[in-house]
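Trainee: Sending over a structure as structure tokens; questions will come in a sec.
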Amino acid sequence: MSTPQHCPGFESFRNLKSFVCKCPKCGAPKEIFSDEFQKPHKCDSCGEPIDFTQCKLEGAS
Ligand SMILES: [Zn+2]
């Protein structure tokens with residue numbers, strides 16, 4: 001039997017959480033991962049910049 005291959009990148013990926021924030025302009029949901037939280041993002045629908053640091057997580061209480 002051979003040892004199963006491990007991909008370090010995949011292992012770290014499993015620790016990421018995803019966030020969904022709605023576009024302030026058109027309301028389209030945009031999903032990012034936790035390692036992208038500090039990066040600039042734009043709405044896929046209308047191109048409006050979305051500030052995820054100002055985003056409130058829905059369903060989190
Ligand atoms: Zn939008």
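We label chains A, B, ... in the order they appear in the structure tokens, count residues from 1 in each chain, and number ligands from 1 in the order shown.
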At a cut-off of 10 Å and counting only C-alpha atoms and all ligand atoms, what residues surround ligand 1? Please answer as number ranges by chain.

Mentor: A: 22-30, 42-50

Trainee: Keeping only C-alpha atoms, write the selected residues to a file as a tab-separated table (two decimals), in the first residue's frame.

Mentor:
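Result file selection.tsv:
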chain	number	residue	atom	x	y	z
A	22	LYS	CA	-25.34	41.49	0.11
A	23	CYS	CA	-24.47	44.25	-2.30
A	24	PRO	CA	-25.54	47.61	-0.80
A	25	LYS	CA	-26.65	48.78	-4.23
A	26	CYS	CA	-28.51	45.92	-5.90
A	27	GLY	CA	-28.80	43.39	-3.07
A	28	ALA	CA	-27.11	40.57	-4.94
A	29	PRO	CA	-25.34	38.15	-2.59
A	30	LYS	CA	-21.57	37.92	-2.82
A	42	LYS	CA	-16.94	44.04	-6.09
A	43	CYS	CA	-20.47	42.94	-6.74
A	44	ASP	CA	-20.68	40.34	-9.50
A	45	SER	CA	-23.95	41.80	-10.66
A	46	CYS	CA	-23.48	45.58	-10.77
A	47	GLY	CA	-19.81	46.11	-9.97
A	48	GLU	CA	-20.47	48.09	-6.81
A	49	PRO	CA	-17.64	47.81	-4.28
A	50	ILE	CA	-18.65	45.77	-1.25

Trainee: Do you have the atom CA of A:Thr53-atom CA of A:Arg14 distance handy?

Mentor: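 Separation of atom CA of A:Thr53 and atom CA of A:Arg14: 22.0 Å.
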
Trainee: For A:Ser18, list every protein, DNA or RNA residue within 9 Å, evaluated using only C-alpha atoms, and leave out those in the same chain fewer than 3 positions away; present the list as a list in words.

Mentor: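 Near neighbours after the sequence-gap exclusion: Glu31, Ile32, Phe33, Ser34 and Asp35 of chain A.
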